[in-house]
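Text of entry04.txt (compact mmCIF, N, CA and C atoms) as supplied:
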# COMPACT_ATOMS: atom_id res chain seq x y z
N MET I 1 52.36 89.90 77.68
CA MET I 1 51.35 89.69 76.66
C MET I 1 50.67 91.02 76.39
N PRO I 2 50.36 91.30 75.13
CA PRO I 2 49.64 92.54 74.84
C PRO I 2 48.34 92.59 75.63
N ARG I 3 48.00 93.76 76.13
CA ARG I 3 46.84 93.88 77.01
C ARG I 3 45.54 94.10 76.26
N ALA I 4 45.59 94.24 74.98
CA ALA I 4 44.39 94.50 74.19
C ALA I 4 43.41 93.35 74.34
N ASP I 5 42.14 93.70 74.56
CA ASP I 5 41.08 92.71 74.61
C ASP I 5 40.43 92.68 73.24
N ILE I 6 41.07 92.01 72.31
CA ILE I 6 40.62 91.99 70.93
C ILE I 6 39.28 91.28 70.82
N SER I 7 39.09 90.20 71.57
CA SER I 7 37.85 89.45 71.50
C SER I 7 36.66 90.31 71.94
N GLY I 8 36.82 91.01 73.05
CA GLY I 8 35.74 91.88 73.53
C GLY I 8 35.47 93.03 72.59
N ALA I 9 36.53 93.62 72.08
CA ALA I 9 36.39 94.73 71.14
C ALA I 9 35.74 94.26 69.84
N TYR I 10 36.05 93.06 69.42
CA TYR I 10 35.49 92.51 68.18
C TYR I 10 33.97 92.41 68.29
N GLU I 11 33.49 91.90 69.40
CA GLU I 11 32.05 91.73 69.60
C GLU I 11 31.30 93.05 69.56
N ALA I 12 31.91 94.11 70.05
CA ALA I 12 31.23 95.40 70.16
C ALA I 12 31.53 96.34 69.00
N SER I 13 32.21 95.86 67.98
CA SER I 13 32.65 96.77 66.91
C SER I 13 31.80 96.63 65.65
N SER I 14 32.02 97.58 64.74
CA SER I 14 31.29 97.61 63.48
C SER I 14 31.83 96.55 62.52
N ASP I 15 31.14 96.36 61.42
CA ASP I 15 31.58 95.39 60.42
C ASP I 15 32.97 95.72 59.88
N SER I 16 33.23 96.99 59.65
CA SER I 16 34.55 97.37 59.11
C SER I 16 35.65 97.12 60.14
N ASP I 17 35.36 97.32 61.41
CA ASP I 17 36.34 97.03 62.45
C ASP I 17 36.57 95.52 62.58
N GLN I 18 35.50 94.75 62.43
CA GLN I 18 35.64 93.29 62.46
C GLN I 18 36.45 92.81 61.27
N GLU I 19 36.27 93.47 60.13
CA GLU I 19 37.06 93.12 58.95
C GLU I 19 38.54 93.43 59.17
N LEU I 20 38.81 94.49 59.92
CA LEU I 20 40.20 94.83 60.25
C LEU I 20 40.86 93.69 61.04
N VAL I 21 40.13 93.13 61.99
CA VAL I 21 40.67 92.02 62.79
C VAL I 21 40.92 90.81 61.89
N LEU I 22 40.00 90.52 60.99
CA LEU I 22 40.20 89.43 60.05
C LEU I 22 41.44 89.67 59.19
N ASN I 23 41.58 90.89 58.67
CA ASN I 23 42.74 91.21 57.85
C ASN I 23 44.04 91.17 58.65
N LEU I 24 43.99 91.57 59.90
CA LEU I 24 45.17 91.49 60.76
C LEU I 24 45.56 90.03 60.98
N ALA I 25 44.57 89.17 61.18
CA ALA I 25 44.85 87.73 61.34
C ALA I 25 45.50 87.19 60.07
N LEU I 26 44.96 87.55 58.93
CA LEU I 26 45.53 87.09 57.65
C LEU I 26 46.95 87.61 57.47
N PHE I 27 47.16 88.89 57.78
CA PHE I 27 48.49 89.46 57.63
C PHE I 27 49.50 88.78 58.54
N LEU I 28 49.17 88.68 59.82
CA LEU I 28 50.11 88.09 60.78
C LEU I 28 50.44 86.64 60.43
N THR I 29 49.42 85.86 60.10
CA THR I 29 49.68 84.45 59.80
C THR I 29 50.50 84.29 58.53
N ASN I 30 50.20 85.08 57.51
CA ASN I 30 50.97 84.99 56.26
C ASN I 30 52.40 85.50 56.45
N PHE I 31 52.54 86.63 57.15
CA PHE I 31 53.86 87.19 57.38
C PHE I 31 54.72 86.25 58.21
N LEU I 32 54.16 85.75 59.30
CA LEU I 32 54.93 84.86 60.17
C LEU I 32 55.24 83.53 59.48
N SER I 33 54.31 83.03 58.69
CA SER I 33 54.57 81.78 57.97
C SER I 33 55.76 81.93 57.03
N SER I 34 55.87 83.09 56.42
CA SER I 34 56.93 83.31 55.44
C SER I 34 58.25 83.77 56.07
N HIS I 35 58.18 84.49 57.19
CA HIS I 35 59.37 85.17 57.69
C HIS I 35 59.73 84.86 59.15
N VAL I 36 59.12 83.86 59.75
CA VAL I 36 59.34 83.61 61.17
C VAL I 36 60.82 83.33 61.48
N GLN I 37 61.50 82.63 60.60
CA GLN I 37 62.90 82.30 60.88
C GLN I 37 63.80 83.54 60.81
N LEU I 38 63.40 84.53 60.01
CA LEU I 38 64.16 85.78 59.98
C LEU I 38 64.00 86.56 61.28
N LEU I 39 62.85 86.39 61.92
CA LEU I 39 62.59 87.10 63.17
C LEU I 39 63.15 86.38 64.39
N GLU I 40 63.58 85.15 64.24
CA GLU I 40 64.08 84.37 65.37
C GLU I 40 65.54 84.69 65.66
N THR I 41 65.80 85.96 65.89
CA THR I 41 67.12 86.42 66.30
C THR I 41 66.96 87.19 67.59
N GLU I 42 68.03 87.33 68.32
CA GLU I 42 67.97 88.07 69.59
C GLU I 42 67.48 89.50 69.38
N ALA I 43 67.91 90.13 68.28
CA ALA I 43 67.54 91.52 68.00
C ALA I 43 66.05 91.67 67.73
N ASN I 44 65.41 90.63 67.20
CA ASN I 44 63.99 90.72 66.83
C ASN I 44 63.07 89.96 67.78
N ARG I 45 63.60 89.52 68.90
CA ARG I 45 62.81 88.68 69.80
C ARG I 45 61.53 89.37 70.28
N ALA I 46 61.59 90.63 70.64
CA ALA I 46 60.40 91.33 71.12
C ALA I 46 59.33 91.41 70.03
N VAL I 47 59.75 91.70 68.82
CA VAL I 47 58.79 91.78 67.70
C VAL I 47 58.16 90.40 67.47
N LEU I 48 58.98 89.37 67.46
CA LEU I 48 58.50 88.01 67.24
C LEU I 48 57.47 87.61 68.30
N LEU I 49 57.80 87.83 69.55
CA LEU I 49 56.90 87.44 70.63
C LEU I 49 55.63 88.29 70.63
N ASN I 50 55.74 89.59 70.40
CA ASN I 50 54.55 90.44 70.36
C ASN I 50 53.61 90.04 69.23
N ALA I 51 54.16 89.75 68.06
CA ALA I 51 53.32 89.32 66.93
C ALA I 51 52.57 88.04 67.29
N HIS I 52 53.25 87.09 67.92
CA HIS I 52 52.60 85.84 68.29
C HIS I 52 51.58 86.05 69.41
N LEU I 53 51.89 86.93 70.34
CA LEU I 53 50.95 87.16 71.43
C LEU I 53 49.71 87.91 70.95
N TYR I 54 49.86 88.79 69.96
CA TYR I 54 48.68 89.40 69.36
C TYR I 54 47.86 88.35 68.61
N LEU I 55 48.53 87.42 67.97
CA LEU I 55 47.82 86.35 67.28
C LEU I 55 47.08 85.46 68.28
N ILE I 56 47.63 85.28 69.45
CA ILE I 56 46.92 84.56 70.52
C ILE I 56 45.63 85.30 70.86
N LYS I 57 45.72 86.62 71.02
CA LYS I 57 44.53 87.43 71.32
C LYS I 57 43.50 87.33 70.21
N ILE I 58 43.96 87.35 68.98
CA ILE I 58 43.04 87.23 67.84
C ILE I 58 42.41 85.84 67.82
N SER I 59 43.15 84.83 68.23
CA SER I 59 42.62 83.46 68.27
C SER I 59 41.47 83.32 69.26
N GLN I 60 41.36 84.23 70.20
CA GLN I 60 40.29 84.18 71.19
C GLN I 60 38.98 84.76 70.67
N VAL I 61 39.01 85.40 69.52
CA VAL I 61 37.80 85.99 68.95
C VAL I 61 36.82 84.87 68.59
N GLU I 62 35.56 85.07 68.96
CA GLU I 62 34.52 84.06 68.73
C GLU I 62 33.98 84.14 67.31
N GLU I 63 34.85 84.02 66.35
CA GLU I 63 34.46 84.02 64.93
C GLU I 63 35.16 82.82 64.29
N ARG I 64 34.37 81.93 63.74
CA ARG I 64 34.88 80.66 63.22
C ARG I 64 35.96 80.86 62.16
N GLU I 65 35.75 81.75 61.20
CA GLU I 65 36.73 81.94 60.12
C GLU I 65 38.06 82.47 60.64
N ILE I 66 37.99 83.41 61.56
CA ILE I 66 39.22 83.96 62.15
C ILE I 66 39.96 82.87 62.91
N PHE I 67 39.23 82.09 63.67
CA PHE I 67 39.87 81.02 64.43
C PHE I 67 40.51 79.99 63.50
N LYS I 68 39.85 79.65 62.40
CA LYS I 68 40.41 78.69 61.44
C LYS I 68 41.71 79.21 60.83
N ILE I 69 41.77 80.51 60.53
CA ILE I 69 42.98 81.12 59.98
C ILE I 69 44.12 80.98 60.99
N CYS I 70 43.83 81.34 62.23
CA CYS I 70 44.85 81.26 63.27
C CYS I 70 45.25 79.81 63.54
N LEU I 71 44.27 78.92 63.58
CA LEU I 71 44.53 77.52 63.88
C LEU I 71 45.47 76.89 62.84
N GLU I 72 45.30 77.26 61.59
CA GLU I 72 46.18 76.75 60.54
C GLU I 72 47.63 77.16 60.79
N TYR I 73 47.83 78.43 61.19
CA TYR I 73 49.19 78.88 61.50
C TYR I 73 49.74 78.16 62.73
N TRP I 74 48.92 78.05 63.79
CA TRP I 74 49.39 77.41 65.01
C TRP I 74 49.78 75.96 64.74
N ALA I 75 49.00 75.26 63.93
CA ALA I 75 49.32 73.87 63.61
C ALA I 75 50.67 73.77 62.91
N LYS I 76 50.93 74.68 62.00
CA LYS I 76 52.21 74.68 61.27
C LYS I 76 53.37 74.97 62.22
N LEU I 77 53.22 75.98 63.07
CA LEU I 77 54.29 76.34 64.01
C LEU I 77 54.59 75.19 64.97
N VAL I 78 53.55 74.63 65.55
CA VAL I 78 53.74 73.54 66.51
C VAL I 78 54.35 72.32 65.83
N ALA I 79 53.92 72.02 64.62
CA ALA I 79 54.50 70.89 63.88
C ALA I 79 55.98 71.13 63.61
N ASP I 80 56.35 72.36 63.24
CA ASP I 80 57.76 72.68 63.01
C ASP I 80 58.58 72.51 64.29
N LEU I 81 58.05 73.00 65.40
CA LEU I 81 58.75 72.87 66.67
C LEU I 81 58.87 71.40 67.08
N TYR I 82 57.82 70.63 66.85
CA TYR I 82 57.85 69.21 67.17
C TYR I 82 58.89 68.49 66.31
N ASP I 83 58.88 68.78 65.02
CA ASP I 83 59.86 68.15 64.11
C ASP I 83 61.28 68.47 64.54
N GLU I 84 61.51 69.71 64.97
CA GLU I 84 62.85 70.07 65.43
C GLU I 84 63.24 69.26 66.66
N MET I 85 62.29 69.06 67.57
CA MET I 85 62.59 68.28 68.78
C MET I 85 62.92 66.83 68.44
N GLN I 86 62.32 66.30 67.39
CA GLN I 86 62.57 64.91 67.00
C GLN I 86 63.97 64.71 66.44
N LYS I 87 64.62 65.78 66.02
CA LYS I 87 65.95 65.68 65.41
C LYS I 87 67.06 65.52 66.43
N PHE I 88 66.79 65.80 67.70
CA PHE I 88 67.83 65.70 68.71
C PHE I 88 68.10 64.24 69.05
N PRO I 89 69.38 63.90 69.28
CA PRO I 89 69.71 62.52 69.66
C PRO I 89 69.03 62.15 70.98
N MET I 90 68.70 60.89 71.12
CA MET I 90 68.01 60.44 72.34
C MET I 90 68.85 60.67 73.59
N SER I 91 70.18 60.65 73.49
CA SER I 91 71.01 60.86 74.67
C SER I 91 70.77 62.24 75.27
N GLU I 92 70.50 63.24 74.42
CA GLU I 92 70.21 64.58 74.93
C GLU I 92 68.81 64.65 75.50
N MET I 93 67.89 63.87 74.96
CA MET I 93 66.50 63.91 75.40
C MET I 93 66.27 63.13 76.68
N ASN I 94 67.20 62.24 77.05
CA ASN I 94 67.00 61.41 78.23
C ASN I 94 67.27 62.14 79.54
N ASN I 95 67.85 63.31 79.49
CA ASN I 95 68.13 64.07 80.70
C ASN I 95 66.83 64.73 81.17
N PRO I 96 66.25 64.26 82.29
CA PRO I 96 64.96 64.80 82.74
C PRO I 96 65.03 66.29 83.08
N LEU I 97 66.19 66.77 83.50
CA LEU I 97 66.29 68.19 83.83
C LEU I 97 66.17 69.05 82.58
N LEU I 98 66.69 68.57 81.45
CA LEU I 98 66.57 69.33 80.21
C LEU I 98 65.13 69.34 79.72
N ASN I 99 64.40 68.27 79.93
CA ASN I 99 63.01 68.21 79.49
C ASN I 99 62.11 69.13 80.30
N LEU I 100 62.51 69.47 81.52
CA LEU I 100 61.70 70.35 82.36
C LEU I 100 62.00 71.82 82.13
N SER I 101 62.98 72.12 81.32
CA SER I 101 63.38 73.50 81.07
C SER I 101 62.23 74.30 80.48
N LEU I 102 62.01 75.48 81.02
CA LEU I 102 60.96 76.37 80.52
C LEU I 102 61.54 77.62 79.92
N GLY I 103 62.63 77.50 79.24
CA GLY I 103 63.21 78.68 78.58
C GLY I 103 64.46 79.12 79.31
N GLY I 104 64.79 80.39 79.14
CA GLY I 104 65.99 80.91 79.76
C GLY I 104 66.86 81.58 78.74
N SER I 105 68.12 81.72 79.06
CA SER I 105 69.03 82.41 78.15
C SER I 105 69.61 81.45 77.14
N GLY I 106 70.18 82.01 76.09
CA GLY I 106 70.84 81.21 75.08
C GLY I 106 69.89 80.39 74.23
N VAL I 107 68.71 80.92 73.93
CA VAL I 107 67.73 80.14 73.19
C VAL I 107 67.76 80.40 71.70
N PHE I 108 68.62 81.29 71.24
CA PHE I 108 68.67 81.60 69.81
C PHE I 108 69.90 80.98 69.17
N GLY I 109 69.71 79.81 68.57
CA GLY I 109 70.76 79.18 67.77
C GLY I 109 72.04 78.88 68.54
N GLY I 110 73.03 78.38 67.82
CA GLY I 110 74.33 78.12 68.41
C GLY I 110 74.33 76.91 69.32
N ALA I 111 75.51 76.58 69.83
CA ALA I 111 75.64 75.41 70.67
C ALA I 111 74.97 75.60 72.02
N SER I 112 74.79 76.84 72.46
CA SER I 112 74.19 77.08 73.77
C SER I 112 72.68 76.90 73.76
N ALA I 113 72.08 76.68 72.60
CA ALA I 113 70.63 76.56 72.53
C ALA I 113 70.14 75.30 73.22
N GLY I 114 70.98 74.30 73.35
CA GLY I 114 70.59 73.09 74.03
C GLY I 114 69.51 72.33 73.27
N PRO I 115 69.00 71.30 73.89
CA PRO I 115 68.05 70.45 73.21
C PRO I 115 66.67 71.07 72.99
N THR I 116 66.35 72.18 73.65
CA THR I 116 65.04 72.77 73.46
C THR I 116 64.99 73.65 72.22
N GLY I 117 66.13 74.15 71.74
CA GLY I 117 66.19 74.92 70.49
C GLY I 117 65.16 76.03 70.40
N ARG I 118 64.46 76.06 69.29
CA ARG I 118 63.47 77.10 69.03
C ARG I 118 62.30 77.05 70.01
N ARG I 119 61.99 75.87 70.51
CA ARG I 119 60.85 75.73 71.42
C ARG I 119 60.98 76.65 72.63
N ALA I 120 62.19 76.84 73.12
CA ALA I 120 62.40 77.68 74.29
C ALA I 120 62.01 79.13 74.02
N VAL I 121 62.14 79.58 72.78
CA VAL I 121 61.77 80.95 72.41
C VAL I 121 60.28 81.15 72.58
N TYR I 122 59.52 80.10 72.32
CA TYR I 122 58.06 80.20 72.29
C TYR I 122 57.38 79.72 73.57
N THR I 123 58.10 79.62 74.66
CA THR I 123 57.53 79.09 75.89
C THR I 123 56.27 79.83 76.31
N GLU I 124 56.33 81.15 76.38
CA GLU I 124 55.16 81.93 76.79
C GLU I 124 54.03 81.82 75.77
N VAL I 125 54.38 81.87 74.51
CA VAL I 125 53.38 81.77 73.44
C VAL I 125 52.67 80.42 73.51
N LEU I 126 53.43 79.34 73.64
CA LEU I 126 52.84 78.00 73.69
C LEU I 126 51.98 77.81 74.93
N SER I 127 52.40 78.39 76.03
CA SER I 127 51.60 78.31 77.26
C SER I 127 50.25 78.99 77.06
N ASN I 128 50.26 80.18 76.47
CA ASN I 128 49.01 80.89 76.20
C ASN I 128 48.18 80.18 75.13
N LEU I 129 48.85 79.58 74.16
CA LEU I 129 48.14 78.84 73.12
C LEU I 129 47.40 77.64 73.72
N ARG I 130 48.02 76.96 74.65
CA ARG I 130 47.34 75.84 75.32
C ARG I 130 46.05 76.30 75.96
N LEU I 131 46.09 77.44 76.64
CA LEU I 131 44.89 77.95 77.29
C LEU I 131 43.80 78.27 76.28
N VAL I 132 44.17 78.88 75.17
CA VAL I 132 43.19 79.22 74.12
C VAL I 132 42.59 77.95 73.54
N MET I 133 43.41 76.95 73.26
CA MET I 133 42.91 75.72 72.66
C MET I 133 41.96 74.99 73.61
N VAL I 134 42.28 74.95 74.88
CA VAL I 134 41.38 74.31 75.85
C VAL I 134 40.07 75.10 75.94
N GLU I 135 40.17 76.41 75.93
CA GLU I 135 39.00 77.27 76.00
C GLU I 135 38.10 77.10 74.77
N ARG I 136 38.71 76.92 73.60
CA ARG I 136 37.96 76.86 72.34
C ARG I 136 37.54 75.45 71.92
N MET I 137 38.06 74.42 72.58
CA MET I 137 37.75 73.06 72.15
C MET I 137 36.28 72.73 72.39
N ALA I 138 35.76 71.79 71.63
CA ALA I 138 34.37 71.38 71.76
C ALA I 138 34.14 70.80 73.15
N LYS I 139 33.08 71.25 73.77
CA LYS I 139 32.76 70.80 75.12
C LYS I 139 31.75 69.65 75.07
N PRO I 140 31.91 68.66 75.93
CA PRO I 140 30.92 67.59 76.02
C PRO I 140 29.56 68.15 76.46
N GLU I 141 28.50 67.46 76.16
CA GLU I 141 27.14 67.93 76.48
C GLU I 141 26.97 68.21 77.98
N GLU I 142 27.59 67.37 78.83
CA GLU I 142 27.47 67.56 80.29
C GLU I 142 28.03 68.92 80.71
N VAL I 143 29.09 69.37 80.07
CA VAL I 143 29.73 70.63 80.42
C VAL I 143 28.89 71.80 79.89
N ARG I 144 28.36 71.68 78.69
CA ARG I 144 27.59 72.76 78.07
C ARG I 144 26.29 73.04 78.80
N SER I 145 25.64 72.01 79.32
CA SER I 145 24.32 72.20 79.93
C SER I 145 24.38 72.74 81.34
N SER I 146 25.53 72.71 81.99
CA SER I 146 25.61 73.18 83.38
C SER I 146 25.87 74.65 83.49

Could you spell out this file's structure in C-alpha cells?
Amino acid sequence: MPRADISGAYEASSDSDQELVLNLALFLTNFLSSHVQLLETEANRAVLLNAHLYLIKISQVEEREIFKICLEYWAKLVADLYDEMQKFPMSEMNNPLLNLSLGGSGVFGGASAGPTGRRAVYTEVLSNLRLVMVERMAKPEEVRSS
C-alpha cells in the first residue's frame, strides 16, 4: 500500500493543497470508472493496484465531499464485482475451498481465473476498503461518548 499519509497531510495543508487532493480524487475515480477494464491486465496490475490503494488513502480524508466522491466509485466497483460473482454457476460456488480463496496466481482472465475472477485481483484493495468503511461509518451514541 502506498505509504503516503494523505489524510494527515490534508489536515495540515493549505487550501490549494486540499484542492489538489479533491482533484486527485476526481481524476482517479473518473479515470478508473472509464478505464478500469483496460488496466486489468497482468502488465498493468501494479498501476491498477497503486491507483486503487491511493484512492483508499484519499477515502480516509475527513472531508465529506471527498469521501462522497470516493464512495460513489467504491459502490460501482463493488457492485460490478458482485454482479460478476453472481454469473458463476452454483456448482462452482458450492466448493467451500474456492470461496475461501484470497487471491493467488492466474487471476487475470482465461480459464485459470476460476470462480473468483476479477475479485481476486482486488483482494488487498477490498480488505483495506473494509477497514476504511468501518472506520468512517456512523457510530452509535454509546461509542461516540466514550

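Residue neighbourhood of Ser59 in chain I, excluding near-sequence residues (fewer than 3 positions): Ile6, Ser7, Ala25, Leu53, Tyr54, Leu55, Ile56, Glu62, Glu63, Ile66, Phe67, Lys68, Ile69, Cys70, Leu71, Val132, Met133 and Arg136 of chain I, at 8 Å, using only N, CA and C atoms.
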
Work out how far atom N of Tyr73 in chain I is from atom C of Thr29 in chain I, in Å to one decimal.
-> 7.0 Å

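Here CA of Trp74 in chain I and atom C of His35 in chain I stand 14.0 Å from one another.
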
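Checking I:Ser33, I:Gln60, I:Gln86, I:Asn23 one by one against Gly8 in chain I, counting only N, CA and C atoms, you find the shortest gap at I:Gln60.
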
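With only N, CA and C atoms as the basis for measurement, I:Tyr10 is the residue among I:Tyr10, I:Ala4, I:Lys139, I:Asp15 that approaches Val61 in chain I most closely.
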
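We find CA of Ala138 in chain I and CA of Asp17 in chain I to be spaced 27.4 Å apart.
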
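Shell of Glu84 in chain I at 8 Å, with only N, CA and C atoms counted and residues fewer than 2 places along the chain excluded, is I:Val78, I:Ala79, I:Asp80, I:Leu81, I:Tyr82, I:Gln86, I:Lys87, I:Phe88, I:Pro115, I:Thr116, I:Gly117, I:Arg118, I:Arg119.
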
Mind rebuilding range 29-50 of chain I with N, CA, C and O atoms and writing that out as a PDB file, in the frame of the given file?
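Result written to rebuild-v4.pdb:
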ATOM      1  N   THR I  29      49.420  85.860  60.100  1.00  0.00           N
ATOM      2  CA  THR I  29      49.680  84.450  59.800  1.00  0.00           C
ATOM      3  C   THR I  29      50.500  84.290  58.530  1.00  0.00           C
ATOM      4  O   THR I  29      51.412  83.464  58.488  1.00  0.00           O
ATOM      5  N   ASN I  30      50.200  85.080  57.510  1.00  0.00           N
ATOM      6  CA  ASN I  30      50.970  84.990  56.260  1.00  0.00           C
ATOM      7  C   ASN I  30      52.400  85.500  56.450  1.00  0.00           C
ATOM      8  O   ASN I  30      53.356  84.882  55.980  1.00  0.00           O
ATOM      9  N   PHE I  31      52.540  86.630  57.150  1.00  0.00           N
ATOM     10  CA  PHE I  31      53.860  87.190  57.380  1.00  0.00           C
ATOM     11  C   PHE I  31      54.720  86.250  58.210  1.00  0.00           C
ATOM     12  O   PHE I  31      55.871  85.961  57.858  1.00  0.00           O
ATOM     13  N   LEU I  32      54.160  85.750  59.300  1.00  0.00           N
ATOM     14  CA  LEU I  32      54.930  84.860  60.170  1.00  0.00           C
ATOM     15  C   LEU I  32      55.240  83.530  59.480  1.00  0.00           C
ATOM     16  O   LEU I  32      56.327  82.979  59.660  1.00  0.00           O
ATOM     17  N   SER I  33      54.310  83.030  58.690  1.00  0.00           N
ATOM     18  CA  SER I  33      54.570  81.780  57.970  1.00  0.00           C
ATOM     19  C   SER I  33      55.760  81.930  57.030  1.00  0.00           C
ATOM     20  O   SER I  33      56.570  81.011  56.897  1.00  0.00           O
ATOM     21  N   SER I  34      55.870  83.090  56.420  1.00  0.00           N
ATOM     22  CA  SER I  34      56.930  83.310  55.440  1.00  0.00           C
ATOM     23  C   SER I  34      58.250  83.770  56.070  1.00  0.00           C
ATOM     24  O   SER I  34      59.312  83.484  55.528  1.00  0.00           O
ATOM     25  N   HIS I  35      58.180  84.490  57.190  1.00  0.00           N
ATOM     26  CA  HIS I  35      59.370  85.170  57.690  1.00  0.00           C
ATOM     27  C   HIS I  35      59.730  84.860  59.150  1.00  0.00           C
ATOM     28  O   HIS I  35      60.577  85.538  59.712  1.00  0.00           O
ATOM     29  N   VAL I  36      59.120  83.860  59.750  1.00  0.00           N
ATOM     30  CA  VAL I  36      59.340  83.610  61.170  1.00  0.00           C
ATOM     31  C   VAL I  36      60.820  83.330  61.480  1.00  0.00           C
ATOM     32  O   VAL I  36      61.343  83.795  62.487  1.00  0.00           O
ATOM     33  N   GLN I  37      61.500  82.630  60.600  1.00  0.00           N
ATOM     34  CA  GLN I  37      62.900  82.300  60.880  1.00  0.00           C
ATOM     35  C   GLN I  37      63.800  83.540  60.810  1.00  0.00           C
ATOM     36  O   GLN I  37      64.811  83.606  61.492  1.00  0.00           O
ATOM     37  N   LEU I  38      63.400  84.530  60.010  1.00  0.00           N
ATOM     38  CA  LEU I  38      64.160  85.780  59.980  1.00  0.00           C
ATOM     39  C   LEU I  38      64.000  86.560  61.280  1.00  0.00           C
ATOM     40  O   LEU I  38      64.888  87.320  61.674  1.00  0.00           O
ATOM     41  N   LEU I  39      62.850  86.390  61.920  1.00  0.00           N
ATOM     42  CA  LEU I  39      62.590  87.100  63.170  1.00  0.00           C
ATOM     43  C   LEU I  39      63.150  86.380  64.390  1.00  0.00           C
ATOM     44  O   LEU I  39      63.187  86.938  65.480  1.00  0.00           O
ATOM     45  N   GLU I  40      63.580  85.150  64.240  1.00  0.00           N
ATOM     46  CA  GLU I  40      64.080  84.370  65.370  1.00  0.00           C
ATOM     47  C   GLU I  40      65.540  84.690  65.660  1.00  0.00           C
ATOM     48  O   GLU I  40      66.394  83.816  65.702  1.00  0.00           O
ATOM     49  N   THR I  41      65.800  85.960  65.890  1.00  0.00           N
ATOM     50  CA  THR I  41      67.120  86.420  66.300  1.00  0.00           C
ATOM     51  C   THR I  41      66.960  87.190  67.590  1.00  0.00           C
ATOM     52  O   THR I  41      65.855  87.656  67.910  1.00  0.00           O
ATOM     53  N   GLU I  42      68.030  87.330  68.320  1.00  0.00           N
ATOM     54  CA  GLU I  42      67.970  88.070  69.590  1.00  0.00           C
ATOM     55  C   GLU I  42      67.480  89.500  69.380  1.00  0.00           C
ATOM     56  O   GLU I  42      66.699  90.026  70.160  1.00  0.00           O
ATOM     57  N   ALA I  43      67.910  90.130  68.280  1.00  0.00           N
ATOM     58  CA  ALA I  43      67.540  91.520  68.000  1.00  0.00           C
ATOM     59  C   ALA I  43      66.050  91.670  67.730  1.00  0.00           C
ATOM     60  O   ALA I  43      65.473  92.719  68.021  1.00  0.00           O
ATOM     61  N   ASN I  44      65.410  90.630  67.200  1.00  0.00           N
ATOM     62  CA  ASN I  44      63.990  90.720  66.830  1.00  0.00           C
ATOM     63  C   ASN I  44      63.070  89.960  67.780  1.00  0.00           C
ATOM     64  O   ASN I  44      61.893  89.791  67.491  1.00  0.00           O
ATOM     65  N   ARG I  45      63.600  89.520  68.900  1.00  0.00           N
ATOM     66  CA  ARG I  45      62.810  88.680  69.800  1.00  0.00           C
ATOM     67  C   ARG I  45      61.530  89.370  70.280  1.00  0.00           C
ATOM     68  O   ARG I  45      60.460  88.759  70.283  1.00  0.00           O
ATOM     69  N   ALA I  46      61.590  90.630  70.640  1.00  0.00           N
ATOM     70  CA  ALA I  46      60.400  91.330  71.120  1.00  0.00           C
ATOM     71  C   ALA I  46      59.330  91.410  70.030  1.00  0.00           C
ATOM     72  O   ALA I  46      58.138  91.206  70.308  1.00  0.00           O
ATOM     73  N   VAL I  47      59.750  91.700  68.820  1.00  0.00           N
ATOM     74  CA  VAL I  47      58.790  91.780  67.700  1.00  0.00           C
ATOM     75  C   VAL I  47      58.160  90.400  67.470  1.00  0.00           C
ATOM     76  O   VAL I  47      56.943  90.290  67.306  1.00  0.00           O
ATOM     77  N   LEU I  48      58.980  89.370  67.460  1.00  0.00           N
ATOM     78  CA  LEU I  48      58.500  88.010  67.240  1.00  0.00           C
ATOM     79  C   LEU I  48      57.470  87.610  68.300  1.00  0.00           C
ATOM     80  O   LEU I  48      56.381  87.129  67.974  1.00  0.00           O
ATOM     81  N   LEU I  49      57.800  87.830  69.550  1.00  0.00           N
ATOM     82  CA  LEU I  49      56.900  87.440  70.630  1.00  0.00           C
ATOM     83  C   LEU I  49      55.630  88.290  70.630  1.00  0.00           C
ATOM     84  O   LEU I  49      54.528  87.759  70.826  1.00  0.00           O
ATOM     85  N   ASN I  50      55.740  89.590  70.400  1.00  0.00           N
ATOM     86  CA  ASN I  50      54.550  90.440  70.360  1.00  0.00           C
ATOM     87  C   ASN I  50      53.610  90.040  69.230  1.00  0.00           C
ATOM     88  O   ASN I  50      52.391  90.006  69.410  1.00  0.00           O
TER      89      ASN I  50
END
